[in-house]
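Engineer: My structure file work_21.cif, mmCIF, C-alpha atoms (C1' of nucleotides), is below:
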```
data_my_file
loop_
_atom_site.label_atom_id
_atom_site.label_comp_id
_atom_site.auth_asym_id
_atom_site.auth_seq_id
_atom_site.Cartn_x
_atom_site.Cartn_y
_atom_site.Cartn_z
CA MET A 14 32.70 -183.50 1.05
CA HIS A 15 34.48 -180.48 -0.26
CA SER A 16 37.17 -182.64 -1.77
CA PHE A 17 34.59 -184.37 -3.86
CA LEU A 18 33.55 -181.17 -5.48
CA GLN A 19 37.20 -180.40 -5.96
CA SER A 20 38.02 -183.61 -7.73
CA SER A 21 34.80 -183.45 -9.72
CA ASN A 22 35.82 -180.05 -10.91
CA ASP A 23 39.24 -181.31 -11.87
CA LEU A 24 37.64 -184.09 -13.84
CA LEU A 25 35.53 -181.64 -15.79
CA ARG A 26 38.60 -179.58 -16.54
CA GLN A 27 40.53 -182.55 -17.78
CA ARG A 28 37.80 -183.21 -20.25
CA GLY A 29 38.02 -179.67 -21.51
CA TYR A 30 34.91 -178.29 -19.87
CA ARG A 31 34.74 -175.09 -17.96
CA LEU A 32 33.95 -174.67 -14.33
CA THR A 33 31.06 -172.34 -14.37
CA PRO A 34 29.19 -171.31 -11.24
CA GLN A 35 26.10 -173.04 -12.60
CA ARG A 36 27.84 -176.36 -13.04
CA HIS A 37 29.40 -176.05 -9.65
CA MET A 38 26.06 -175.37 -8.06
CA ILE A 39 24.24 -178.17 -9.79
CA LEU A 40 26.94 -180.64 -8.91
CA ARG A 41 26.93 -179.46 -5.32
CA VAL A 42 23.18 -179.82 -5.04
CA ILE A 43 23.34 -183.36 -6.29
CA GLN A 44 26.25 -184.33 -4.14
CA GLU A 45 24.79 -182.85 -0.99
CA ALA A 46 21.48 -184.60 -1.41
CA ASP A 47 21.30 -187.93 0.31
CA GLU A 48 18.44 -188.87 -1.93
CA HIS A 49 17.92 -189.06 -5.64
CA LEU A 50 16.61 -185.90 -7.09
CA SER A 51 14.26 -185.30 -9.95
CA ILE A 52 14.95 -182.51 -12.38
CA ASP A 53 12.39 -180.38 -10.62
CA GLN A 54 13.96 -180.91 -7.26
CA ILE A 55 17.35 -180.04 -8.62
CA MET A 56 15.96 -176.94 -10.26
CA GLU A 57 14.29 -175.90 -7.04
CA ARG A 58 17.39 -176.27 -4.94
CA VAL A 59 19.62 -174.59 -7.45
CA GLN A 60 17.29 -171.67 -7.60
CA GLN A 61 17.53 -171.23 -3.88
CA LEU A 62 21.23 -170.65 -4.40
CA ASN A 63 20.73 -168.48 -7.44
CA PRO A 64 17.29 -167.70 -8.82
CA TYR A 65 18.60 -166.88 -12.26
CA VAL A 66 19.77 -170.31 -13.30
CA SER A 67 17.67 -171.52 -16.16
CA LEU A 68 16.04 -174.86 -16.63
CA SER A 69 17.85 -175.43 -19.91
CA THR A 70 21.12 -175.15 -18.10
CA VAL A 71 20.03 -177.77 -15.65
CA TYR A 72 19.14 -180.11 -18.49
CA ARG A 73 22.35 -179.40 -20.33
CA THR A 74 24.46 -179.78 -17.24
CA LEU A 75 22.88 -183.05 -16.23
CA GLU A 76 23.59 -184.36 -19.69
CA LEU A 77 27.18 -183.27 -19.34
CA LEU A 78 27.62 -184.71 -15.88
CA LYS A 79 26.15 -187.99 -17.01
CA SER A 80 28.49 -188.12 -19.97
CA VAL A 81 31.59 -187.69 -17.84
CA GLY A 82 30.26 -190.16 -15.33
CA LEU A 83 29.81 -187.85 -12.35
CA VAL A 84 26.09 -188.36 -12.17
CA ARG A 85 23.88 -191.38 -12.66
CA GLU A 86 20.37 -191.43 -13.95
CA SER A 87 17.80 -194.01 -13.04
CA HIS A 88 14.32 -194.47 -14.25
CA LEU A 89 11.48 -196.42 -12.75
CA PRO A 90 8.77 -196.94 -15.35
CA GLY A 91 6.03 -194.41 -15.01
CA GLU A 92 8.13 -192.08 -12.88
CA GLN A 93 10.36 -189.13 -13.53
CA PRO A 94 14.02 -189.82 -14.12
CA LEU A 95 16.11 -189.44 -11.00
CA TYR A 96 19.65 -188.23 -10.64
CA GLU A 97 22.27 -188.90 -8.04
CA THR A 98 25.97 -188.54 -7.62
CA ALA A 99 28.05 -191.33 -9.06
CA GLU A 100 30.72 -191.08 -6.41
CA GLY A 101 31.27 -194.03 -4.17
CA HIS A 102 29.77 -197.43 -4.81
CA ALA A 103 27.36 -198.10 -7.56
CA HIS A 104 24.17 -199.30 -6.04
CA HIS A 105 20.65 -200.32 -6.77
CA HIS A 106 17.29 -199.15 -5.60
CA LEU A 107 14.37 -200.46 -3.69
CA ILE A 108 11.37 -198.16 -3.87
CA CYS A 109 7.94 -198.12 -2.32
CA ARG A 110 5.43 -197.51 -5.06
CA ARG A 111 3.17 -195.62 -2.74
CA CYS A 112 5.25 -193.42 -0.44
CA LYS A 113 8.35 -193.44 -2.65
CA ALA A 114 10.60 -194.35 0.25
CA THR A 115 13.89 -195.46 -1.23
CA PHE A 116 16.55 -197.83 -0.02
CA HIS A 117 19.95 -198.28 -1.51
CA LEU A 118 21.06 -201.78 -2.21
CA ASP A 119 24.68 -202.63 -2.32
CA GLU A 120 26.10 -203.42 -5.68
CA GLU A 121 27.52 -206.64 -4.33
CA LEU A 122 24.03 -208.00 -4.16
CA LEU A 123 24.42 -209.09 -7.75
CA GLY A 124 27.75 -210.75 -7.17
CA ASN A 125 29.77 -211.29 -10.29
CA LEU A 126 26.77 -211.04 -12.55
CA ASN A 127 28.32 -208.22 -14.50
CA GLU A 128 31.42 -210.16 -15.48
CA GLN A 129 29.36 -213.25 -16.10
CA LEU A 130 27.12 -211.46 -18.58
CA GLN A 131 29.99 -209.72 -20.32
CA LYS A 132 31.59 -213.08 -20.95
CA GLN A 133 28.51 -214.96 -21.88
CA TYR A 134 27.15 -212.39 -24.29
CA HIS A 135 30.43 -210.80 -25.35
CA PHE A 136 29.31 -207.42 -24.14
CA HIS A 137 31.60 -204.59 -23.14
CA GLY A 138 31.30 -201.65 -20.79
CA LEU A 139 28.28 -203.21 -19.21
CA SER A 140 26.43 -201.51 -16.41
CA LEU A 141 23.67 -203.09 -14.45
CA GLU A 142 20.73 -201.38 -12.96
CA LEU A 143 18.36 -203.16 -10.69
CA MET A 144 15.11 -201.50 -9.73
CA ALA A 145 13.03 -203.16 -7.09
CA ALA A 146 9.57 -201.74 -6.62
CA GLY A 147 6.93 -202.82 -4.19
CA TYR A 148 5.17 -201.67 -1.06
CA CYS A 149 6.86 -201.00 2.24
CA ASN A 150 5.35 -202.59 5.29
CA GLU A 151 3.52 -199.47 6.39
CA CYS A 152 1.97 -198.72 3.02
CA TRP A 153 1.05 -202.33 2.55
CA HIS A 154 -1.02 -202.32 5.70
CA LYS A 155 -2.65 -199.04 4.80
CA ILE A 156 -3.66 -200.50 1.48
CA GLN A 157 -5.14 -203.54 3.17
CA GLN A 158 -7.22 -201.30 5.39
CA GLU A 159 -8.41 -199.17 2.53
CA GLN A 160 -9.59 -202.23 0.70
CA THR A 161 -11.52 -203.73 3.56
CA GLN A 162 -13.29 -200.43 4.10
CA GLU A 163 -14.81 -200.52 0.65
CA MET B 112 -1.14 -218.37 -29.21
CA HIS B 113 -4.84 -217.93 -29.68
CA SER B 114 -5.55 -219.27 -26.24
CA PHE B 115 -3.45 -216.53 -24.76
CA LEU B 116 -5.63 -213.90 -26.24
CA GLN B 117 -8.60 -215.86 -25.04
CA SER B 118 -7.50 -216.01 -21.44
CA SER B 119 -6.34 -212.43 -21.55
CA ASN B 120 -9.75 -211.43 -22.66
CA ASP B 121 -11.33 -213.42 -19.89
CA LEU B 122 -9.10 -211.69 -17.40
CA LEU B 123 -10.19 -208.28 -18.63
CA ARG B 124 -13.79 -209.32 -18.32
CA GLN B 125 -13.36 -210.56 -14.80
CA ARG B 126 -12.06 -207.18 -13.84
CA GLY B 127 -15.13 -205.57 -15.33
CA TYR B 128 -13.56 -204.21 -18.48
CA ARG B 129 -15.04 -204.50 -21.90
CA LEU B 130 -13.58 -206.40 -24.79
CA THR B 131 -13.38 -203.79 -27.46
CA PRO B 132 -11.82 -204.42 -30.85
CA GLN B 133 -9.16 -201.85 -30.04
CA ARG B 134 -8.08 -203.57 -26.86
CA HIS B 135 -8.09 -206.87 -28.60
CA MET B 136 -5.91 -205.52 -31.38
CA ILE B 137 -3.43 -203.82 -29.12
CA LEU B 138 -3.08 -206.89 -26.99
CA ARG B 139 -2.62 -209.04 -30.06
CA VAL B 140 0.07 -206.78 -31.45
CA ILE B 141 2.01 -206.93 -28.22
CA GLN B 142 1.61 -210.66 -27.82
CA GLU B 143 2.63 -211.43 -31.37
CA ALA B 144 5.77 -209.34 -31.22
CA ASP B 145 8.81 -211.26 -30.16
CA GLU B 146 10.45 -208.01 -29.18
CA HIS B 147 9.59 -205.15 -26.91
CA LEU B 148 7.67 -202.46 -28.62
CA SER B 149 7.70 -198.76 -28.11
CA ILE B 150 4.46 -196.84 -28.18
CA ASP B 151 5.19 -195.75 -31.73
CA GLN B 152 5.78 -199.28 -32.88
CA ILE B 153 2.57 -200.42 -31.29
CA MET B 154 0.69 -197.56 -32.87
CA GLU B 155 2.16 -198.36 -36.26
CA ARG B 156 1.22 -202.01 -36.13
CA VAL B 157 -2.23 -201.37 -34.79
CA GLN B 158 -2.88 -198.93 -37.58
CA GLN B 159 -2.00 -201.55 -40.11
CA LEU B 160 -4.88 -203.53 -38.73
CA ASN B 161 -7.18 -200.55 -38.45
CA PRO B 162 -6.08 -197.06 -39.45
CA TYR B 163 -8.70 -195.36 -37.30
CA VAL B 164 -7.41 -196.35 -33.90
CA SER B 165 -6.24 -193.27 -32.09
CA LEU B 166 -3.07 -192.69 -30.19
CA SER B 167 -4.94 -191.80 -27.01
CA THR B 168 -6.55 -195.19 -27.09
CA VAL B 169 -3.17 -196.83 -27.31
CA TYR B 170 -1.98 -194.87 -24.30
CA ARG B 171 -5.12 -195.59 -22.36
CA THR B 172 -5.09 -199.26 -23.23
CA LEU B 173 -1.47 -199.73 -22.31
CA GLU B 174 -2.21 -198.18 -18.97
CA LEU B 175 -5.09 -200.58 -18.53
CA LEU B 176 -3.13 -203.63 -19.59
CA LYS B 177 -0.33 -202.70 -17.26
CA SER B 178 -2.72 -202.29 -14.38
CA VAL B 179 -4.22 -205.75 -14.81
CA GLY B 180 -0.78 -207.22 -15.28
CA LEU B 181 -1.07 -208.35 -18.88
CA VAL B 182 1.67 -206.08 -20.10
CA ARG B 183 4.97 -205.03 -18.61
CA GLU B 184 6.73 -201.77 -19.12
CA SER B 185 10.46 -201.29 -18.96
CA HIS B 186 12.46 -198.18 -19.18
CA LEU B 187 16.14 -197.71 -19.87
CA PRO B 188 17.16 -194.18 -18.90
CA GLY B 189 17.23 -191.89 -21.87
CA GLU B 190 15.16 -194.23 -24.01
CA GLN B 191 11.50 -194.63 -24.79
CA PRO B 192 9.50 -196.88 -22.54
CA LEU B 193 9.05 -200.35 -23.96
CA TYR B 194 6.13 -202.71 -23.65
CA GLU B 195 5.92 -206.45 -23.83
CA THR B 196 3.50 -209.15 -22.91
CA ALA B 197 3.64 -210.34 -19.34
CA GLU B 198 2.75 -213.88 -20.19
CA GLY B 199 5.28 -216.57 -19.41
CA HIS B 200 8.38 -215.99 -17.35
CA ALA B 201 9.33 -212.62 -16.09
CA HIS B 202 12.71 -211.77 -17.45
CA HIS B 203 15.32 -209.09 -17.62
CA HIS B 204 17.03 -207.27 -20.42
CA LEU B 205 20.45 -206.86 -21.85
CA ILE B 206 20.63 -204.07 -24.39
CA CYS B 207 23.31 -202.73 -26.68
CA ARG B 208 23.39 -198.99 -26.28
CA ARG B 209 24.36 -198.51 -29.87
CA CYS B 210 22.41 -200.94 -32.05
CA LYS B 211 19.67 -201.62 -29.48
CA ALA B 212 20.02 -205.36 -29.88
CA THR B 213 18.19 -206.92 -26.97
CA PHE B 214 18.63 -210.19 -25.15
CA HIS B 215 16.29 -211.65 -22.62
CA LEU B 216 17.78 -212.84 -19.40
CA ASP B 217 16.08 -215.49 -17.40
CA GLU B 218 14.51 -214.41 -14.18
CA GLU B 219 16.37 -217.13 -12.35
CA LEU B 220 19.53 -215.16 -12.85
CA LEU B 221 18.71 -213.29 -9.68
CA GLY B 222 18.01 -216.43 -7.69
CA ASN B 223 15.99 -215.84 -4.58
CA LEU B 224 16.84 -212.17 -4.44
CA ASN B 225 13.21 -211.21 -4.51
CA GLU B 226 12.28 -213.22 -1.41
CA GLN B 227 15.46 -212.13 0.28
CA LEU B 228 14.67 -208.46 -0.16
CA GLN B 229 11.06 -208.83 0.85
CA LYS B 230 12.16 -210.37 4.12
CA GLN B 231 15.04 -208.07 4.82
CA TYR B 232 13.19 -204.84 4.12
CA HIS B 233 9.68 -206.00 4.95
CA PHE B 234 8.45 -205.20 1.50
CA HIS B 235 5.44 -206.71 -0.21
CA GLY B 236 4.46 -207.34 -3.80
CA LEU B 237 8.00 -206.74 -4.88
CA SER B 238 8.99 -206.89 -8.51
CA LEU B 239 12.53 -206.71 -9.73
CA GLU B 240 13.69 -205.25 -12.93
CA LEU B 241 17.24 -205.59 -14.07
CA MET B 242 18.44 -203.58 -17.02
CA ALA B 243 21.88 -204.34 -18.35
CA ALA B 244 23.18 -201.88 -20.89
CA GLY B 245 26.49 -201.96 -22.70
CA TYR B 246 27.95 -202.54 -26.12
CA CYS B 247 27.69 -205.76 -28.04
CA ASN B 248 30.86 -207.17 -29.47
CA GLU B 249 30.24 -205.86 -32.94
CA CYS B 250 29.42 -202.32 -31.91
CA TRP B 251 32.30 -202.26 -29.50
CA HIS B 252 34.74 -202.96 -32.29
CA LYS B 253 33.15 -200.38 -34.53
CA ILE B 254 33.53 -197.81 -31.82
CA GLN B 255 37.18 -198.68 -31.38
CA GLN B 256 37.73 -198.18 -35.08
CA GLU B 257 35.94 -194.88 -35.15
CA GLN B 258 38.09 -193.60 -32.36
CA THR B 259 41.40 -194.57 -33.90
CA GLN B 260 40.37 -192.82 -37.09
CA GLU B 261 40.10 -189.48 -35.36
"C1'" DG C 167 -31.05 -197.20 -20.99
"C1'" DT C 168 -26.97 -196.76 -18.59
"C1'" DT C 169 -22.31 -197.27 -18.31
"C1'" DC C 170 -18.11 -197.60 -20.51
"C1'" DG C 171 -14.82 -196.64 -24.31
"C1'" DT C 172 -13.27 -194.08 -28.30
"C1'" DG C 173 -11.77 -190.40 -31.39
"C1'" DC C 174 -10.69 -185.92 -31.86
"C1'" DA C 175 -8.83 -181.68 -30.58
"C1'" DA C 176 -7.02 -179.07 -27.12
"C1'" DA C 177 -4.32 -178.77 -23.12
"C1'" DT C 178 -0.35 -180.02 -20.45
"C1'" DA C 179 4.10 -181.50 -19.48
"C1'" DC C 180 8.67 -182.39 -20.67
"C1'" DT C 181 12.84 -181.64 -23.23
"C1'" DT C 182 15.66 -179.65 -26.86
"C1'" DT C 183 17.38 -175.98 -29.74
"C1'" DG C 184 18.73 -171.36 -32.06
"C1'" DC C 185 20.67 -167.43 -31.08
"C1'" DA C 186 22.41 -163.11 -29.05
"C1'" DA C 187 24.85 -161.73 -25.12
"C1'" DG C 188 28.14 -162.78 -21.62
"C1'" DT C 189 32.08 -165.29 -19.55
"C1'" DC C 190 36.36 -167.82 -19.09
"C1'" DG C 191 41.02 -168.69 -19.98
"C1'" DC D 182 40.52 -162.49 -28.85
"C1'" DG D 183 38.34 -167.07 -29.57
"C1'" DA D 184 35.97 -170.80 -27.82
"C1'" DC D 185 32.64 -172.17 -24.61
"C1'" DT D 186 28.20 -171.29 -21.76
"C1'" DT D 187 24.16 -169.28 -20.56
"C1'" DG D 188 19.40 -167.40 -20.57
"C1'" DC D 189 15.55 -166.68 -22.97
"C1'" DA D 190 12.08 -167.74 -26.05
"C1'" DA D 191 10.49 -170.74 -29.35
"C1'" DA D 192 10.05 -175.17 -31.21
"C1'" DG D 193 9.60 -180.08 -30.66
"C1'" DT D 194 7.92 -184.31 -28.47
"C1'" DA D 195 5.40 -186.89 -25.51
"C1'" DT D 196 1.44 -187.67 -22.82
"C1'" DT D 197 -3.07 -186.55 -20.77
"C1'" DT D 198 -7.69 -184.82 -20.69
"C1'" DG D 199 -12.61 -182.97 -21.76
"C1'" DC D 200 -16.25 -183.97 -24.23
"C1'" DA D 201 -19.68 -185.58 -27.58
"C1'" DC D 202 -20.64 -189.66 -30.01
"C1'" DG D 203 -20.99 -194.57 -30.40
"C1'" DA D 204 -20.70 -199.35 -28.63
"C1'" DA D 205 -21.32 -202.93 -25.12
"C1'" DC D 206 -23.95 -205.08 -21.66
#
```
Would you mind writing the structure in this file as C-alpha cells?
Structural biologist:
Amino acid sequence: MHSFLQSSNDLLRQRGYRLTPQRHMILRVIQEADEHLSIDQIMERVQQLNPYVSLSTVYRTLELLKSVGLVRESHLPGEQPLYETAEGHAHHHLICRRCKATFHLDEELLGNLNEQLQKQYHFHGLSLELMAAGYCNECWHKIQQEQTQE
Amino acid sequence: MHSFLQSSNDLLRQRGYRLTPQRHMILRVIQEADEHLSIDQIMERVQQLNPYVSLSTVYRTLELLKSVGLVRESHLPGEQPLYETAEGHAHHHLICRRCKATFHLDEELLGNLNEQLQKQYHFHGLSLELMAAGYCNECWHKIQQEQTQE
DNA sequence: GTTCGTGCAAATACTTTGCAAGTCG
DNA sequence: CGACTTGCAAAGTATTTGCACGAAC
C-alpha cells in the first residue's frame, strides 16, 4: 500500500508538480478508502489528519489528481460526484438507489466494447463508464412492505 | 409526434398530476429536440414559447418528469446534467470531450447484461447507463497538431 | 372551494478564483 | 531567489425553498 503512494508521488513529480503534505494526505485518504468518497467525505477525513487543510485545496487537488490519472471521478445523476483511486483495474459500479450500497463490476464485463467503439466511430482515448442503479434485495423488500402499508 | 405528447399527458394525469401549459411546453421542448438538452437549453427554448416561465418551474418539472419516467437524465462527470425524452429505446452515449459531439448507442450493445446483473447481485429495477467519452477523429487530430506546435 | 402549481425572491449548496503569505527545490 | 501552493475570503454558479397568488378540477 505504501508503494502505491510512493509511485503516485513519483508520477506527480515527473509531471512537474510538487509533493506537498496536503496532496500526500488527500491521495492517501483516497487510496486507503475501500469505497468511493464524496468531496465532503474526503474533506472530513483529511481534516482528521490535519484540521487546517482548506476545502479549496481539496477541490484543486482532486482536479490535479484527475488530470494526471491517479483518481477517477464518477457521477450518478442526482448524486454527488464520487472519487476513487485509479490504481488497479478500471471498473464499473452497481449502486442501490436507496441504501447506496455499492458493488464494483469488473471491467471485463464489457468485453472488447471499448475497442469496438473506437473502431466503429473513429474515436480515440475512449473511456467507458457504466453505472448500474437499482434496488438491492433488502431495500426492494422494504419498499414493497412500505407500499402495502399505505 | 403529437400522439407522444398526448400519451405523455395521459400518463401525467393517471398519476394525479395536472396538465399545465408549462409542463406541456417543457415536455414538448424535450421531445422535439433530437439532442440532449441541458437545463439552460431547455430554459432558453421554453422561453421562446413563453418568456414568463420561471427557472424554478423548469427544475421542478424536470424532477417530476424524471419521476414518472418520461424524461431521462444523464451525467458525464464534470459536465452539466443532460435531459432527453425517455420515449422509444433506452440508449447510451458516446461523447467527444472536446466538441461535445454525441452519438447514441443502441441499448442492445450491452446484451443481456441487465438481467445478468439482476440475477447475480439480486438487484431489482435495475437501469444501466453507459457513458463513453473520448475524442472524435477530427478533434483528436487537432489536438495532435496543437501539441506539436508547442 | 380545495388542492395543486407557478413565479418571484431569498436561501442554500456547490465550486471557482484573486491574492497575500508561505513553502519547496 | 523564483516558481509553485495554500488558505482565506469573496465571487460565481447551480439548485432548492417559502410563500402569496392564480389555475385546475
Engineer: Here's the selection I'm unsure about, the PyMOL selection byres ((chain A and resi 77) around 12); applied to the file above, which residues does it give, as a PyMOL selection string?
Structural biologist: chain A and resi 24-25+28-31+36+39-40+70-76+78-86
Engineer: Would you give me, as a PyMOL selection string, the residues of chain D that come within 10 Å of chain B, using only C-alpha atoms (C1' of nucleotides)?
Structural biologist: chain D and resi 195-198+204-206
Engineer: Suppose you want the space between atom CA of A:Val42 and atom C1' of D:DT186; what is it in Å?
Structural biologist: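 About the pair atom CA of A:Val42 and atom C1' of D:DT186: they are 19.4 Å apart.
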Engineer: Once chain A has been least-squares superposed onto chain B, matching all their Cα atoms in order, can you return it as a compact mmCIF listing (two decimals) with C-alpha atoms, keeping the file's coordinate frame?
Structural biologist:
```txt
# COMPACT_ATOMS: atom_id res chain seq x y z
CA MET A 14 -0.99 -218.34 -29.30
CA HIS A 15 -4.67 -217.90 -29.82
CA SER A 16 -5.38 -219.29 -26.39
CA PHE A 17 -3.35 -216.54 -24.87
CA LEU A 18 -5.52 -213.90 -26.37
CA GLN A 19 -8.49 -215.89 -25.20
CA SER A 20 -7.41 -216.08 -21.61
CA SER A 21 -6.25 -212.48 -21.66
CA ASN A 22 -9.68 -211.50 -22.80
CA ASP A 23 -11.27 -213.53 -20.05
CA LEU A 24 -9.07 -211.81 -17.53
CA LEU A 25 -10.18 -208.40 -18.72
CA ARG A 26 -13.79 -209.48 -18.47
CA GLN A 27 -13.37 -210.73 -14.96
CA ARG A 28 -12.12 -207.35 -13.97
CA GLY A 29 -15.18 -205.74 -15.45
CA TYR A 30 -13.62 -204.35 -18.60
CA ARG A 31 -15.04 -204.70 -22.03
CA LEU A 32 -13.52 -206.51 -24.93
CA THR A 33 -13.37 -203.89 -27.56
CA PRO A 34 -11.78 -204.45 -30.95
CA GLN A 35 -9.16 -201.85 -30.09
CA ARG A 36 -8.09 -203.61 -26.92
CA HIS A 37 -8.03 -206.90 -28.71
CA MET A 38 -5.86 -205.50 -31.44
CA ILE A 39 -3.42 -203.79 -29.14
CA LEU A 40 -3.05 -206.89 -27.03
CA ARG A 41 -2.55 -209.01 -30.12
CA VAL A 42 0.12 -206.70 -31.47
CA ILE A 43 2.03 -206.88 -28.24
CA GLN A 44 1.69 -210.59 -27.86
CA GLU A 45 2.71 -211.34 -31.42
CA ALA A 46 5.82 -209.22 -31.22
CA ASP A 47 8.88 -211.12 -30.16
CA GLU A 48 10.48 -207.88 -29.17
CA HIS A 49 9.58 -205.05 -26.87
CA LEU A 50 7.67 -202.35 -28.56
CA SER A 51 7.66 -198.64 -28.02
CA ILE A 52 4.40 -196.75 -28.08
CA ASP A 53 5.15 -195.63 -31.60
CA GLN A 54 5.77 -199.13 -32.80
CA ILE A 55 2.57 -200.32 -31.23
CA MET A 56 0.68 -197.45 -32.79
CA GLU A 57 2.16 -198.21 -36.17
CA ARG A 58 1.27 -201.87 -36.10
CA VAL A 59 -2.20 -201.27 -34.78
CA GLN A 60 -2.84 -198.81 -37.52
CA GLN A 61 -1.94 -201.38 -40.10
CA LEU A 62 -4.82 -203.43 -38.76
CA ASN A 63 -7.13 -200.47 -38.47
CA PRO A 64 -6.05 -196.96 -39.41
CA TYR A 65 -8.68 -195.33 -37.26
CA VAL A 66 -7.40 -196.31 -33.86
CA SER A 67 -6.30 -193.24 -32.01
CA LEU A 68 -3.14 -192.66 -30.09
CA SER A 69 -5.06 -191.83 -26.93
CA THR A 70 -6.62 -195.24 -27.04
CA VAL A 71 -3.23 -196.82 -27.26
CA TYR A 72 -2.09 -194.88 -24.21
CA ARG A 73 -5.24 -195.67 -22.30
CA THR A 74 -5.15 -199.31 -23.22
CA LEU A 75 -1.53 -199.75 -22.27
CA GLU A 76 -2.32 -198.23 -18.91
CA LEU A 77 -5.18 -200.66 -18.51
CA LEU A 78 -3.18 -203.68 -19.59
CA LYS A 79 -0.41 -202.75 -17.22
CA SER A 80 -2.84 -202.39 -14.36
CA VAL A 81 -4.28 -205.86 -14.84
CA GLY A 82 -0.83 -207.28 -15.29
CA LEU A 83 -1.07 -208.39 -18.91
CA VAL A 84 1.66 -206.08 -20.09
CA ARG A 85 4.95 -205.00 -18.58
CA GLU A 86 6.68 -201.72 -19.05
CA SER A 87 10.40 -201.23 -18.87
CA HIS A 88 12.43 -198.13 -19.10
CA LEU A 89 16.09 -197.69 -19.82
CA PRO A 90 17.18 -194.20 -18.84
CA GLY A 91 17.24 -191.89 -21.78
CA GLU A 92 15.10 -194.18 -23.91
CA GLN A 93 11.43 -194.52 -24.64
CA PRO A 94 9.43 -196.82 -22.42
CA LEU A 95 9.01 -200.27 -23.88
CA TYR A 96 6.11 -202.64 -23.58
CA GLU A 97 5.90 -206.38 -23.81
CA THR A 98 3.52 -209.13 -22.92
CA ALA A 99 3.64 -210.30 -19.35
CA GLU A 100 2.79 -213.87 -20.20
CA GLY A 101 5.32 -216.53 -19.44
CA HIS A 102 8.38 -215.94 -17.32
CA ALA A 103 9.33 -212.59 -16.02
CA HIS A 104 12.69 -211.73 -17.39
CA HIS A 105 15.31 -209.07 -17.57
CA HIS A 106 17.01 -207.24 -20.37
CA LEU A 107 20.42 -206.86 -21.81
CA ILE A 108 20.61 -204.08 -24.37
CA CYS A 109 23.27 -202.76 -26.68
CA ARG A 110 23.40 -199.02 -26.29
CA ARG A 111 24.33 -198.54 -29.89
CA CYS A 112 22.35 -200.97 -32.05
CA LYS A 113 19.64 -201.61 -29.45
CA ALA A 114 19.94 -205.36 -29.85
CA THR A 115 18.14 -206.91 -26.92
CA PHE A 116 18.58 -210.17 -25.10
CA HIS A 117 16.25 -211.62 -22.56
CA LEU A 118 17.74 -212.82 -19.35
CA ASP A 119 16.05 -215.45 -17.34
CA GLU A 120 14.49 -214.36 -14.13
CA GLU A 121 16.35 -217.08 -12.30
CA LEU A 122 19.52 -215.14 -12.81
CA LEU A 123 18.72 -213.26 -9.64
CA GLY A 124 18.03 -216.38 -7.64
CA ASN A 125 16.02 -215.79 -4.52
CA LEU A 126 16.87 -212.13 -4.38
CA ASN A 127 13.24 -211.15 -4.44
CA GLU A 128 12.31 -213.12 -1.34
CA GLN A 129 15.51 -212.08 0.35
CA LEU A 130 14.75 -208.40 -0.11
CA GLN A 131 11.13 -208.75 0.91
CA LYS A 132 12.24 -210.29 4.17
CA GLN A 133 15.12 -208.02 4.87
CA TYR A 134 13.29 -204.79 4.17
CA HIS A 135 9.77 -205.92 5.02
CA PHE A 136 8.55 -205.10 1.55
CA HIS A 137 5.53 -206.63 -0.12
CA GLY A 138 4.53 -207.25 -3.71
CA LEU A 139 8.06 -206.64 -4.81
CA SER A 140 9.05 -206.83 -8.43
CA LEU A 141 12.57 -206.66 -9.67
CA GLU A 142 13.74 -205.20 -12.87
CA LEU A 143 17.27 -205.57 -14.02
CA MET A 144 18.48 -203.55 -16.98
CA ALA A 145 21.89 -204.33 -18.33
CA ALA A 146 23.21 -201.90 -20.89
CA GLY A 147 26.48 -202.01 -22.71
CA TYR A 148 27.92 -202.62 -26.15
CA CYS A 149 27.61 -205.84 -28.07
CA ASN A 150 30.76 -207.28 -29.52
CA GLU A 151 30.13 -205.96 -33.00
CA CYS A 152 29.33 -202.42 -31.94
CA TRP A 153 32.24 -202.39 -29.57
CA HIS A 154 34.67 -203.10 -32.36
CA LYS A 155 33.06 -200.52 -34.60
CA ILE A 156 33.49 -197.95 -31.89
CA GLN A 157 37.14 -198.86 -31.48
CA GLN A 158 37.68 -198.35 -35.19
CA GLU A 159 35.89 -195.05 -35.24
CA GLN A 160 38.08 -193.78 -32.46
CA THR A 161 41.36 -194.78 -34.01
CA GLN A 162 40.36 -193.07 -37.24
CA GLU A 163 40.10 -189.71 -35.55
```
Engineer: Chain A residues within 7 Å of chain B, counting all atoms listed in the file: which ones, as a count of residues only?
Structural biologist: 22
Engineer: Which centre and which edge lengths, in Å to one decimal, describe the axis-aligned box that holds all listed atoms of stretch 137-150 of chain B after 3 Å is added on each side, as AutoDock Vina command-line options?
Structural biologist:
```
--center_x 3.5 --center_y -204.1 --center_z -29.2 --size_x 19.9 --size_y 20.6 --size_z 10.5
```
Engineer: Let me make sure I understand: among C:DC190, C:DA179, C:DG184, C:DT169, which one has the smallest atom-to-atom distance to chain A if we use only C-alpha atoms (C1' of nucleotides)?
Structural biologist: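 Closest to chain A, using only C-alpha atoms (C1' of nucleotides): C:DC190.
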Engineer: Residues of chain C were defined as contacting chain B if any atom lay at most 12 Å from it, counting only C-alpha atoms (C1' of nucleotides); please report them as a list of chain:residue names.
Structural biologist: C:DT169, C:DC170, C:DG171, C:DT172, C:DG173, C:DC174, C:DA175, C:DT181
Engineer: Can you write just those residues out, C-alpha atoms (C1' of nucleotides), as a compact mmCIF listing (two decimals), in the frame of the given file?
Structural biologist:
```txt
# COMPACT_ATOMS: atom_id res chain seq x y z
C1' DT C 169 -22.31 -197.27 -18.31
C1' DC C 170 -18.11 -197.60 -20.51
C1' DG C 171 -14.82 -196.64 -24.31
C1' DT C 172 -13.27 -194.08 -28.30
C1' DG C 173 -11.77 -190.40 -31.39
C1' DC C 174 -10.69 -185.92 -31.86
C1' DA C 175 -8.83 -181.68 -30.58
C1' DT C 181 12.84 -181.64 -23.23
```
Engineer: Go ahead and compute the interatomic distance for atom C1' of C:DT168 and atom C1' of D:DG203, in Å to one decimal.
Structural biologist: 13.4 Å
Engineer: Which distance in Å separates atom CA of A:His102 and atom CA of A:His37, to one decimal?
Structural biologist: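 Distance between the two atoms: 21.9 Å.
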Engineer: Could you give me, as JSON, numbers by chain, the residues within 10 Å of B:Asn161, counting all atoms listed in the file and dropping anything in the same chain fewer than 6 positions from it?
Structural biologist: {"B": [132, 133, 136, 155]}
